[in-house]
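Shown next: structure-v9.cif, containing mmCIF, C-alpha atoms.
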data_input
loop_
_atom_site.label_atom_id
_atom_site.label_comp_id
_atom_site.auth_asym_id
_atom_site.auth_seq_id
_atom_site.Cartn_x
_atom_site.Cartn_y
_atom_site.Cartn_z
CA MET A 1 0.91 4.86 -1.84
CA GLU A 2 1.26 6.86 1.11
CA PHE A 3 1.36 10.59 0.92
CA ALA A 4 2.14 10.57 -2.76
CA LYS A 5 -1.47 9.59 -3.32
CA LEU A 6 -3.07 12.95 -2.78
CA THR A 7 -2.15 14.56 -6.02
CA THR A 8 -3.57 15.38 -9.46
CA PHE A 9 -7.09 14.44 -8.30
CA ARG A 10 -8.80 14.57 -4.94
CA THR A 11 -8.44 10.90 -4.09
CA ILE A 12 -5.70 9.72 -6.39
CA ASN A 13 -2.55 8.45 -4.72
CA LEU A 14 0.50 7.88 -6.86
CA ALA A 15 2.33 4.63 -6.35
CA SER A 16 5.04 5.07 -3.81
CA LEU A 17 7.10 2.39 -5.45
CA LEU A 18 8.14 4.60 -8.38
CA LEU A 19 11.23 6.72 -8.23
CA LEU A 20 11.53 5.82 -4.57
CA ILE A 21 14.81 7.26 -3.31
CA ILE A 22 15.88 6.81 0.26
CA PHE A 23 18.88 8.85 1.27
CA LEU A 24 20.23 7.76 4.61
CA SER A 25 23.23 8.84 6.63
CA SER A 26 25.06 5.61 7.25
CA LYS A 27 28.61 4.37 6.96
CA THR A 28 29.48 1.43 9.18
CA ILE A 29 27.52 -1.68 10.06
CA SER A 30 26.97 -3.02 13.57
CA MET A 31 24.18 -4.83 15.41
CA SER A 32 20.75 -3.45 14.48
CA SER A 33 17.88 -2.92 16.86
CA ALA A 34 16.22 -5.96 15.31
CA THR A 35 19.35 -8.06 15.75
CA ALA A 36 19.87 -6.85 19.29
CA ASN A 37 16.35 -7.92 20.20
CA LYS A 38 16.63 -11.28 18.48
CA ALA A 39 18.30 -13.01 21.41
CA GLN A 40 15.88 -11.72 24.02
CA ASN A 41 12.95 -12.80 21.85
CA SER A 42 14.37 -16.20 20.89
CA GLU A 43 11.97 -18.02 23.16
CA ARG A 44 9.08 -16.55 21.14
CA LYS A 45 10.03 -18.08 17.80
CA PRO A 46 6.88 -19.23 16.00
CA GLN A 47 5.90 -22.83 15.44
CA SER A 48 5.12 -24.26 11.99
CA SER A 49 2.16 -21.92 11.73
CA GLY A 50 3.37 -18.86 13.55
CA PRO A 51 1.36 -16.40 15.64
CA THR A 52 -0.83 -13.95 13.78
CA ALA A 53 -1.95 -10.42 14.60
CA VAL A 54 -5.13 -9.05 13.01
CA PHE A 55 -6.02 -5.34 12.81
CA PRO A 56 -9.24 -3.60 11.79
CA VAL A 57 -8.86 -1.39 8.72
CA GLN A 58 -10.67 1.87 8.12
CA GLY A 59 -11.14 3.91 4.96
CA ASN A 60 -12.23 3.33 1.37
CA VAL A 61 -11.25 4.02 -2.22
CA TYR A 62 -13.73 6.89 -2.55
CA PRO A 63 -14.04 9.44 -1.10
CA ASP A 64 -11.24 8.80 1.45
CA GLY A 65 -8.72 7.51 -1.07
CA VAL A 66 -6.89 5.48 1.59
CA TYR A 67 -7.15 2.33 3.65
CA SER A 68 -5.45 2.78 7.01
CA VAL A 69 -4.76 0.94 10.25
CA ALA A 70 -4.43 2.09 13.88
CA LEU A 71 -1.25 1.01 15.69
CA LYS A 72 -0.07 1.84 19.20
CA ILE A 73 3.55 2.91 19.09
CA GLY A 74 5.65 4.12 22.00
CA LYS A 75 4.23 5.72 25.11
CA ARG A 76 1.18 7.47 23.67
CA SER A 77 -2.11 5.92 24.77
CA GLN A 78 -3.89 6.75 21.52
CA PRO A 79 -2.94 4.81 18.37
CA TYR A 80 -1.43 6.34 15.26
CA ILE A 81 -3.33 6.06 11.98
CA LEU A 82 -1.07 4.74 9.23
CA ASP A 83 -1.56 4.44 5.48
CA ILE A 84 -1.15 0.75 4.53
CA ASP A 85 1.50 0.65 1.83
CA THR A 86 2.89 -2.50 0.21
CA GLY A 87 4.79 -0.29 -2.24
CA SER A 88 7.48 0.89 0.19
CA ASP A 89 9.55 -0.50 3.05
CA LEU A 90 10.07 2.24 5.60
CA THR A 91 7.35 2.93 8.17
CA TRP A 92 7.33 6.54 9.38
CA LEU A 93 5.32 8.90 11.54
CA GLN A 94 4.98 12.65 11.42
CA CYS A 95 7.22 13.71 14.23
CA ASP A 96 7.75 16.55 16.72
CA ALA A 97 11.53 16.80 16.57
CA PRO A 98 10.42 19.63 16.30
CA CYS A 99 8.37 19.50 13.12
CA VAL A 100 9.21 21.84 10.25
CA HIS A 101 6.31 20.82 7.99
CA CYS A 102 3.60 18.43 9.22
CA THR A 103 -0.10 18.09 8.54
CA LYS A 104 -0.72 17.32 12.23
CA LYS A 105 0.12 19.34 15.33
CA PRO A 106 1.23 18.38 18.84
CA PRO A 107 0.13 16.38 20.77
CA TYR A 108 -0.79 14.28 17.71
CA LEU A 109 2.80 14.06 16.49
CA TYR A 110 5.21 11.36 17.58
CA LYS A 111 7.72 12.66 20.15
CA PRO A 112 11.21 11.08 20.15
CA TYR A 113 12.98 10.52 23.47
CA ASN A 114 16.66 9.62 23.21
CA ASN A 115 15.75 6.70 20.97
CA LEU A 116 17.59 7.71 17.80
CA VAL A 117 19.13 5.04 15.60
CA ARG A 118 22.83 5.66 15.04
CA CYS A 119 24.82 5.41 11.84
CA ASN A 120 26.60 2.26 13.03
CA ASP A 121 23.31 0.40 13.35
CA ALA A 122 22.76 -2.30 10.74
CA MET A 123 19.24 -1.00 10.10
CA CYS A 124 20.71 2.30 8.95
CA SER A 125 23.03 0.52 6.55
CA ALA A 126 20.26 -1.82 5.37
CA ILE A 127 18.39 1.03 3.71
CA GLN A 128 21.43 2.86 2.46
CA THR A 129 21.53 3.58 -1.26
CA SER A 130 24.32 4.56 -3.60
CA ASN A 131 23.03 8.14 -3.33
CA SER A 132 23.29 8.21 0.44
CA ASP A 133 25.38 10.83 2.17
CA PRO A 134 27.85 8.89 4.36
CA CYS A 135 28.05 9.63 8.06
CA THR A 136 31.19 11.31 9.32
CA ASP A 137 30.77 9.69 12.73
CA ALA A 138 29.40 6.21 13.49
CA GLN A 139 27.55 7.67 16.49
CA GLU A 140 25.69 10.27 14.47
CA GLN A 141 21.93 9.98 14.03
CA CYS A 142 20.74 8.10 10.95
CA ASP A 143 18.91 10.56 8.72
CA TYR A 144 16.57 9.56 5.91
CA GLU A 145 14.76 11.18 3.04
CA VAL A 146 12.04 9.47 1.02
CA GLU A 147 10.99 10.98 -2.30
CA TYR A 148 7.85 9.92 -4.14
CA ALA A 149 6.82 10.10 -7.77
CA ASP A 150 4.73 13.23 -7.30
CA GLN A 151 7.69 15.02 -5.69
CA GLY A 152 6.24 14.50 -2.23
CA THR A 153 8.94 13.88 0.37
CA SER A 154 9.46 12.92 4.00
CA LEU A 155 12.66 13.98 5.73
CA GLY A 156 13.57 12.78 9.18
CA VAL A 157 15.65 10.53 11.39
CA LEU A 158 15.40 6.83 12.21
CA VAL A 159 14.22 5.95 15.72
CA ALA A 160 13.35 2.73 17.56
CA ASP A 161 10.31 2.23 19.78
CA ASN A 162 7.87 -0.40 20.96
CA PHE A 163 4.93 -1.48 18.80
CA GLN A 164 2.13 -2.87 20.95
CA LEU A 165 0.77 -5.99 19.26
CA GLN A 166 -1.85 -8.52 20.30
CA PHE A 167 -1.76 -11.91 18.60
CA THR A 168 -4.67 -14.24 17.97
CA ASN A 169 -3.22 -16.80 20.43
CA GLY A 170 -3.78 -14.28 23.23
CA SER A 171 -0.18 -13.16 23.64
CA ARG A 172 0.75 -9.49 23.79
CA LEU A 173 4.17 -8.39 22.61
CA SER A 174 5.88 -5.02 22.30
CA PRO A 175 8.78 -5.52 19.89
CA ARG A 176 11.16 -2.60 19.55
CA LEU A 177 11.15 -1.74 15.85
CA VAL A 178 12.94 0.85 13.74
CA PHE A 179 10.92 3.45 11.82
CA GLY A 180 11.17 7.00 10.55
CA CYS A 181 10.52 10.10 12.62
CA GLY A 182 9.50 12.50 9.84
CA TYR A 183 9.86 16.15 10.79
CA ASP A 184 9.62 17.68 7.32
CA GLN A 185 6.90 16.53 4.89
CA GLN A 186 6.42 18.29 1.56
CA PHE A 187 3.45 17.73 -0.76
CA PRO A 188 3.93 20.16 -3.66
CA ASN A 189 1.35 18.54 -5.95
CA SER A 190 -1.31 17.77 -3.36
CA HIS A 191 -4.62 19.59 -3.37
CA ASN A 192 -5.39 18.32 0.12
CA PRO A 193 -2.94 17.34 2.89
CA PRO A 194 -2.85 13.69 4.01
CA THR A 195 -5.13 12.83 6.90
CA THR A 196 -3.06 9.96 8.29
CA ASP A 197 -0.30 10.18 10.89
CA GLY A 198 2.19 8.42 8.65
CA VAL A 199 2.87 5.36 6.51
CA LEU A 200 3.03 1.65 7.32
CA GLY A 201 5.67 0.30 4.93
CA LEU A 202 5.07 -3.38 4.18
CA GLY A 203 7.57 -3.96 1.38
CA ALA A 204 9.97 -6.90 1.47
CA GLY A 205 13.08 -4.85 2.33
CA LYS A 206 14.96 -5.20 5.60
CA SER A 207 13.61 -1.93 6.96
CA SER A 208 9.97 -3.05 6.79
CA ILE A 209 8.46 -3.95 10.15
CA MET A 210 7.51 -7.41 8.84
CA SER A 211 11.16 -8.12 8.03
CA GLN A 212 12.19 -6.85 11.44
CA MET A 213 9.68 -9.03 13.26
CA GLN A 214 10.73 -12.07 11.27
CA GLU A 215 14.35 -11.36 12.19
CA MET A 216 13.30 -11.34 15.85
CA GLY A 217 11.53 -14.66 15.42
CA LEU A 218 8.13 -13.19 16.32
CA THR A 219 6.14 -14.16 13.25
CA ARG A 220 6.50 -15.51 9.75
CA HIS A 221 7.20 -13.14 6.88
CA VAL A 222 3.61 -13.47 5.67
CA PHE A 223 0.95 -10.79 5.75
CA GLY A 224 -2.19 -9.83 3.92
CA HIS A 225 -5.05 -7.40 3.61
CA CYS A 226 -8.76 -7.56 2.86
CA PHE A 227 -10.30 -4.23 1.81
CA SER A 228 -14.07 -4.09 1.68
CA GLY A 229 -15.78 -2.31 -1.20
CA ARG A 230 -18.13 -0.86 1.41
CA GLY A 231 -15.22 0.49 3.43
CA GLY A 232 -13.10 -1.02 6.18
CA GLY A 233 -11.68 -4.52 6.25
CA PHE A 234 -8.69 -6.04 8.01
CA LEU A 235 -4.90 -6.40 7.86
CA PHE A 236 -2.96 -9.33 9.29
CA PHE A 237 0.64 -10.24 10.14
CA GLY A 238 1.44 -13.97 10.09
CA ASP A 239 0.00 -17.00 8.33
CA LYS A 240 -2.56 -18.48 10.73
CA ILE A 241 -5.66 -17.11 8.97
CA VAL A 242 -4.46 -17.81 5.43
CA PRO A 243 -6.98 -20.28 3.92
CA SER A 244 -5.62 -23.76 3.29
CA SER A 245 -7.52 -23.97 -0.01
CA GLY A 246 -9.30 -21.75 -2.49
CA VAL A 247 -6.43 -19.26 -2.84
CA THR A 248 -4.98 -18.52 -6.27
CA TRP A 249 -1.18 -18.41 -5.99
CA VAL A 250 1.40 -16.97 -8.36
CA PRO A 251 5.17 -16.67 -7.92
CA MET A 252 6.52 -13.22 -7.14
CA GLY A 253 8.20 -11.62 -10.13
CA SER A 254 11.95 -11.18 -9.99
CA THR A 255 12.99 -9.27 -13.07
CA GLY A 256 13.10 -5.59 -13.85
CA GLU A 257 14.32 -2.48 -12.08
CA TYR A 258 11.26 -2.10 -9.84
CA ILE A 259 10.00 -5.69 -9.93
CA ASP A 260 13.09 -6.72 -7.96
CA THR A 261 12.10 -4.67 -4.94
CA HIS A 262 8.30 -4.63 -5.10
CA TYR A 263 5.48 -7.15 -5.05
CA SER A 264 4.72 -8.35 -8.55
CA PRO A 265 2.76 -11.34 -9.86
CA GLY A 266 4.77 -11.07 -13.06
CA PRO A 267 3.69 -10.06 -16.58
CA ALA A 268 0.05 -10.27 -17.59
CA GLU A 269 -2.30 -9.95 -20.53
CA LEU A 270 -5.31 -7.65 -20.22
CA LEU A 271 -8.64 -9.23 -21.17
CA PHE A 272 -12.09 -7.62 -21.34
CA ASP A 273 -15.00 -10.01 -20.92
CA GLU A 274 -12.55 -12.89 -21.52
CA GLN A 275 -11.45 -11.39 -24.87
CA SER A 276 -7.94 -10.11 -25.46
CA THR A 277 -7.53 -6.35 -25.66
CA GLY A 278 -4.17 -6.75 -27.39
CA ALA A 279 -2.27 -5.49 -24.33
CA LYS A 280 0.20 -8.22 -23.34
CA GLY A 281 3.40 -8.61 -21.33
CA LEU A 282 2.26 -5.96 -18.85
CA LEU A 283 4.58 -5.57 -15.85
CA MET A 284 2.28 -5.54 -12.82
CA ILE A 285 2.97 -4.19 -9.33
CA PHE A 286 0.68 -4.77 -6.33
CA ASP A 287 0.67 -1.50 -4.37
CA SER A 288 -1.89 -0.99 -1.61
CA GLY A 289 -0.63 2.56 -1.23
CA SER A 290 -2.30 3.54 -4.50
CA SER A 291 -6.03 4.27 -4.36
CA TYR A 292 -6.54 3.57 -8.05
CA THR A 293 -5.01 1.38 -10.74
CA TYR A 294 -2.62 2.79 -13.34
CA PHE A 295 -2.03 1.16 -16.74
CA ASN A 296 0.70 2.11 -19.16
CA ALA A 297 -0.32 4.09 -22.23
CA ILE A 298 -0.96 1.06 -24.43
CA ALA A 299 -2.98 -0.86 -21.84
CA TYR A 300 -4.90 2.24 -20.78
CA LYS A 301 -5.91 3.00 -24.38
CA ALA A 302 -6.94 -0.63 -24.87
CA ALA A 303 -8.97 -0.68 -21.64
CA LEU A 304 -10.76 2.58 -22.38
CA SER A 305 -11.51 1.50 -25.94
CA ALA A 306 -12.98 -1.81 -24.73
CA VAL A 307 -15.18 -0.10 -22.16
CA ARG A 308 -16.43 2.52 -24.62
CA LYS A 309 -17.17 -0.15 -27.22
CA GLY A 310 -19.10 -2.13 -24.61
CA LEU A 311 -21.18 0.95 -23.77
CA SER A 312 -22.29 1.43 -27.37
CA GLY A 313 -26.07 1.72 -27.42
CA LYS A 314 -26.31 1.95 -23.64
CA PRO A 315 -28.16 4.90 -22.02
CA LEU A 316 -25.01 6.56 -20.67
CA LYS A 317 -23.35 9.83 -21.66
CA ASP A 318 -19.96 11.32 -20.87
CA ALA A 319 -20.04 13.44 -17.72
CA VAL A 320 -17.25 15.84 -18.64
CA GLU A 321 -18.37 18.27 -15.95
CA ASP A 322 -17.46 15.77 -13.22
CA GLN A 323 -13.78 16.33 -12.46
CA SER A 324 -13.54 13.64 -9.77
CA LEU A 325 -11.70 11.39 -12.23
CA PRO A 326 -10.71 11.80 -15.90
CA ILE A 327 -13.45 9.60 -17.42
CA CYS A 328 -17.02 9.64 -16.06
CA TRP A 329 -20.48 8.71 -17.30
CA LYS A 330 -23.95 9.85 -16.32
CA SER A 331 -27.53 8.79 -16.87
CA THR A 332 -30.88 10.57 -16.64
CA LYS A 333 -30.82 10.06 -12.88
CA PRO A 334 -27.87 10.07 -10.47
CA PHE A 335 -26.49 6.67 -9.51
CA LYS A 336 -26.74 5.85 -5.82
CA SER A 337 -24.33 2.92 -5.95
CA VAL A 338 -22.37 0.86 -8.43
CA GLN A 339 -25.20 -1.67 -8.35
CA ASP A 340 -27.28 0.82 -10.35
CA VAL A 341 -24.86 0.84 -13.26
CA LYS A 342 -22.72 -2.32 -13.21
CA SER A 343 -25.02 -4.16 -15.66
CA TYR A 344 -23.84 -1.79 -18.42
CA PHE A 345 -20.21 -2.84 -17.96
CA LYS A 346 -18.23 -6.04 -18.47
CA PRO A 347 -15.45 -7.42 -16.26
CA PHE A 348 -11.74 -7.20 -16.96
CA GLN A 349 -9.31 -10.05 -16.38
CA LEU A 350 -5.57 -10.06 -15.88
CA LYS A 351 -4.14 -13.30 -17.23
CA PHE A 352 -0.72 -14.01 -15.73
CA SER A 353 1.75 -15.72 -18.00
CA LYS A 354 3.99 -17.32 -15.35
CA THR A 355 1.24 -19.60 -14.06
CA LYS A 356 -1.07 -21.53 -16.37
CA ASN A 357 -4.78 -20.69 -16.24
CA VAL A 358 -4.41 -18.04 -13.54
CA GLN A 359 -6.44 -14.85 -13.82
CA LEU A 360 -7.30 -11.94 -11.56
CA GLU A 361 -10.99 -11.15 -12.08
CA ILE A 362 -11.85 -7.45 -12.04
CA PRO A 363 -15.63 -6.93 -11.94
CA PRO A 364 -17.20 -3.54 -12.70
CA GLU A 365 -17.57 -2.96 -8.95
CA ALA A 366 -13.76 -2.92 -8.72
CA TYR A 367 -12.99 -0.48 -11.52
CA LEU A 368 -15.96 1.90 -11.25
CA VAL A 369 -16.42 4.69 -8.70
CA ILE A 370 -19.73 6.42 -7.97
CA THR A 371 -18.89 10.02 -7.16
CA LYS A 372 -20.72 12.49 -4.95
CA HIS A 373 -22.32 13.84 -8.14
CA GLY A 374 -24.00 10.49 -8.83
CA ASN A 375 -21.86 9.67 -11.86
CA ALA A 376 -19.91 6.50 -12.63
CA CYS A 377 -16.18 7.12 -13.16
CA LEU A 378 -13.41 4.87 -14.42
CA GLY A 379 -10.96 3.97 -11.66
CA ILE A 380 -8.29 2.98 -14.18
CA LEU A 381 -5.88 5.83 -14.92
CA ASN A 382 -3.20 6.54 -17.50
CA GLY A 383 0.12 5.91 -15.79
CA ALA A 384 2.03 7.59 -18.63
CA GLU A 385 0.54 10.91 -17.55
CA VAL A 386 2.19 10.65 -14.14
CA GLY A 387 5.54 9.21 -15.18
CA PHE A 388 4.95 5.50 -14.66
CA ASP A 389 6.17 4.63 -18.16
CA SER A 390 5.85 0.88 -18.80
CA LEU A 391 4.80 -0.12 -15.29
CA ASN A 392 1.23 -0.98 -14.32
CA ILE A 393 0.15 -0.34 -10.75
CA ILE A 394 -2.61 -2.44 -9.22
CA GLY A 395 -4.17 -0.25 -6.55
CA ASP A 396 -6.76 -0.52 -3.80
CA ASN A 397 -9.77 -0.53 -6.10
CA PHE A 398 -8.74 -3.82 -7.73
CA PHE A 399 -8.10 -5.32 -4.27
CA GLN A 400 -11.64 -4.67 -3.02
CA ASP A 401 -13.44 -7.70 -1.60
CA LYS A 402 -10.38 -9.90 -2.05
CA LEU A 403 -8.12 -11.44 0.56
CA VAL A 404 -4.62 -10.72 -0.75
CA VAL A 405 -1.67 -12.61 0.78
CA TYR A 406 2.02 -11.81 0.45
CA ASN A 407 4.11 -14.85 1.40
CA ASN A 408 7.71 -13.66 1.38
CA GLU A 409 8.98 -17.00 2.65
CA LYS A 410 7.58 -18.94 -0.30
CA GLN A 411 7.90 -15.97 -2.66
CA GLN A 412 4.24 -16.15 -3.59
CA ILE A 413 1.31 -13.76 -3.90
CA GLY A 414 -2.19 -15.14 -3.47
CA TRP A 415 -5.76 -13.92 -3.57
CA THR A 416 -9.30 -15.13 -3.18
CA SER A 417 -12.64 -13.34 -3.43
CA THR A 418 -14.41 -12.95 -0.11
CA ASN A 419 -16.28 -10.50 2.01
CA CYS A 420 -13.86 -8.56 4.15
CA TYR A 421 -15.53 -8.74 7.53
CA LEU A 422 -13.13 -9.13 10.44
CA PRO A 423 -12.23 -12.75 11.20
CA SER A 424 -14.23 -14.17 14.12
CA MET A 425 -11.00 -14.78 16.06
CA LEU A 426 -10.40 -11.04 16.48
#
Take the structure in the file and write it out as structure tokens.
Amino acid sequence: MEFAKLTTFRTINLASLLLLIIFLSSKTISMSSATANKAQNSERKPQSSGPTAVFPVQGNVYPDGVYSVALKIGKRSQPYILDIDTGSDLTWLQCDAPCVHCTKKPPYLYKPYNNLVRCNDAMCSAIQTSNSDPCTDAQEQCDYEVEYADQGTSLGVLVADNFQLQFTNGSRLSPRLVFGCGYDQQFPNSHNPPTTDGVLGLGAGKSSIMSQMQEMGLTRHVFGHCFSGRGGGFLFFGDKIVPSSGVTWVPMGSTGEYIDTHYSPGPAELLFDEQSTGAKGLLMIFDSGSSYTYFNAIAYKAALSAVRKGLSGKPLKDAVEDQSLPICWKSTKPFKSVQDVKSYFKPFQLKFSKTKNVQLEIPPEAYLVITKHGNACLGILNGAEVGFDSLNIIGDNFFQDKLVVYNNEKQQIGWTSTNCYLPSML
């Protein structure tokens, strides 16, 4: 979850999907930048399996707490580093407009150049909420404010600029896409400022760059990520590299206040070593912007109880002195990797009720973190402590070493276990 992630603990990112409020100055609707470009890009409409762009990913769950991608935007020769976030729609960069509060300084900030999006642009209206302040003039700039669950915010103005993309078929395109120019970022609960230049919003809303590119006919509304447990991985736009077999598919959820606007595989039951923990009907959200996974109070208690019971008689002790995460264990010698300790732990499973016999396997490597102190910590956190109530947020740690696909056209989410080396076509 974007910049909301660096709060409470060093590498914890709170899910951007919660309490997301976007206030935008907008009043009237006219042709958006995406719509305006649709005609000029009509000759590029994809075939049955549309063009695909693949990007190397950098980062890790620990210690970075973020997986990010480098994208070239506008006139700057160097790419911008963006936090990959499936939990929000709007992409934004820290911006020199001038900047009031930014974690970067010029020349690393994005510099607008008479490319503001106006209030009469359809893109401005597309992300308008009932709490938006209406524009007094259709030609005014379209302002936005995004507020995250940890009270982190980004305030700025919408702009449009060219994203330089190379597709696997060899073509190079520079679609003009709308994003946020954030000139005032606040992180009141963060111990450390974000290290990225901004956020890559990959939600299903009209303001996401995937939706914009689909509207232009450039690619299908399909994307995915593969985050390696050893760090790095890849992100892709389009459906060309989606495996034709071996992928577990579930329908996207469509009920609930947040399920309606975020990627959800629907309700699930939490199992531990194939045995029920008693936690059922859990509303799940897939959010790549969250470093760790958050369960509601009931599921968290059940998960922790199952793990502790499984550790009975094992040579591990609580490492209360390690404040990296709330629950940690130690042995007589420091652990060098999760391989040193995983045999003491059992896997979790998430059994989804909407599709028969479908489970998401969560091995110890996915829910354990080896800290710099050589201890093993639980990467499952209590969402009730950070205001997530009944929601359960599946974060980056559960995605490790899995290809995760979001097919917005078929309204499906899919995954398959794999190594996350870059595809050979890149």
Checklist entry - Got a sec to resolve the PyMOL selection byres ((chain A and resi 339) around 12) on this structure and send the residues as number ranges by chain? => result A: 229, 335-338, 340-345, 363-366, 368-370, 376
Checklist entry - Quick one: residues within 12 Å of Asp401 (chain A), all atoms listed in the file counted, chain neighbours fewer than 3 positions away excluded, as a PyMOL selection string? => result chain A and resi 60-61+225-234+361-363+365-366+396-398+404+415-421
Checklist entry - If you count only C-alpha atoms, which residues fall within 10 Å of Leu316 (chain A), apart from same-chain ones fewer than 5 positions away, as JSON, numbers by chain? => result {"A": [311, 328, 329, 330, 331, 332, 341, 344, 375, 376]}
Restrict the selected residues to C-alpha atoms and save them as a PDB file, in the coordinates of the input.
ATOM      1  CA  LEU A 311     -21.180   0.950 -23.770  1.00  0.00           C
ATOM      2  CA  CYS A 328     -17.020   9.640 -16.060  1.00  0.00           C
ATOM      3  CA  TRP A 329     -20.480   8.710 -17.300  1.00  0.00           C
ATOM      4  CA  LYS A 330     -23.950   9.850 -16.320  1.00  0.00           C
ATOM      5  CA  SER A 331     -27.530   8.790 -16.870  1.00  0.00           C
ATOM      6  CA  THR A 332     -30.880  10.570 -16.640  1.00  0.00           C
ATOM      7  CA  VAL A 341     -24.860   0.840 -13.260  1.00  0.00           C
ATOM      8  CA  TYR A 344     -23.840  -1.790 -18.420  1.00  0.00           C
ATOM      9  CA  ASN A 375     -21.860   9.670 -11.860  1.00  0.00           C
ATOM     10  CA  ALA A 376     -19.910   6.500 -12.630  1.00  0.00           C
TER      11      ALA A 376
END
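Non-sequential neighbours of Val358 (chain A) (distance at most 10 Å, separation of 2 or more positions within a chain, all atoms listed in the file) are A:Thr248, A:Trp249, A:Val250, A:Ala268, A:Gln349, A:Leu350, A:Lys351, A:Phe352, A:Ser353, A:Lys354, A:Thr355, A:Lys356, A:Leu360, A:Glu361.
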Checklist entry - Quick one: of A:Thr196, A:Ser174, A:Thr168, A:Gly217, who's nearest to Gln58 (chain A), counting only C-alpha atoms? => result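 For Gln58 (chain A), the nearest of the candidates is A:Thr196.
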Checklist entry - By how many Å are CA of Lys309 (chain A) and CA of Pro63 (chain A) apart? => result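 That distance, rounded to one decimal, is 28.0 Å.
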Checklist entry - Any idea what the distance is between CA of Pro347 (chain A) and CA of Ala384 (chain A)? => result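 Atom-to-atom, CA of Pro347 (chain A) and CA of Ala384 (chain A) are spaced 23.2 Å apart.
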Item to check | Target residues per the PyMOL selection byres ((chain A and resi 389) around 12), formatted as a PyMOL selection string | outcome: chain A and resi 18-19+149+258+282-283+294-300+382-388+390-393
Item to check | Residue IDs satisfying the PyMOL selection byres ((chain A and resi 200) around 9), as a PyMOL selection string | outcome: chain A and resi 2+68-69+82-86+88-93+198-199+201-202+208-209
Item to check | Nearest candidate to Lys240 (chain A) (options A:Gln275, A:Asn162, A:Gln94, A:Thr219; using all atoms listed in the file) | outcome: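 That would be A:Thr219, the residue with the smallest distance to Lys240 (chain A).
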Item to check | Distance in Å - CA of Asp318 (chain A) versus CA of Tyr292 (chain A) | outcome: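 Computing it gives 20.1 Å between the two atoms.
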Checklist entry - Nearest to Asp64 (chain A): which of A:Pro112, A:Asn357, A:Thr195, A:Asn169 is it, counting all atoms listed in the file? => result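 Of A:Pro112, A:Asn357, A:Thr195, A:Asn169, the one nearest Asp64 (chain A) is A:Thr195, counting all atoms listed in the file.
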Item to check | Shortest interatomic distance to Arg220 (chain A) - which of A:Tyr144, A:Tyr113, A:Tyr263, A:Tyr406, counting all atoms listed in the file | outcome: A:Tyr406
Item to check | Selection near Lys206 (chain A), 12 Å with all atoms listed in the file, sequence-local residues under 3 positions removed, as a PyMOL selection string | outcome: chain A and resi 32-35+88-91+122-128+177-179+201-203+209-215+221+261+408
Item to check | Residue contacts of Leu325 (chain A) (8 Å, all atoms listed in the file) excluding same-chain residues fewer than 3 positions away, as a list in words | outcome: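 Close residues of Leu325 (chain A): Phe9, Asp322, Cys328, Cys377, Leu378 and Gly379 of chain A.
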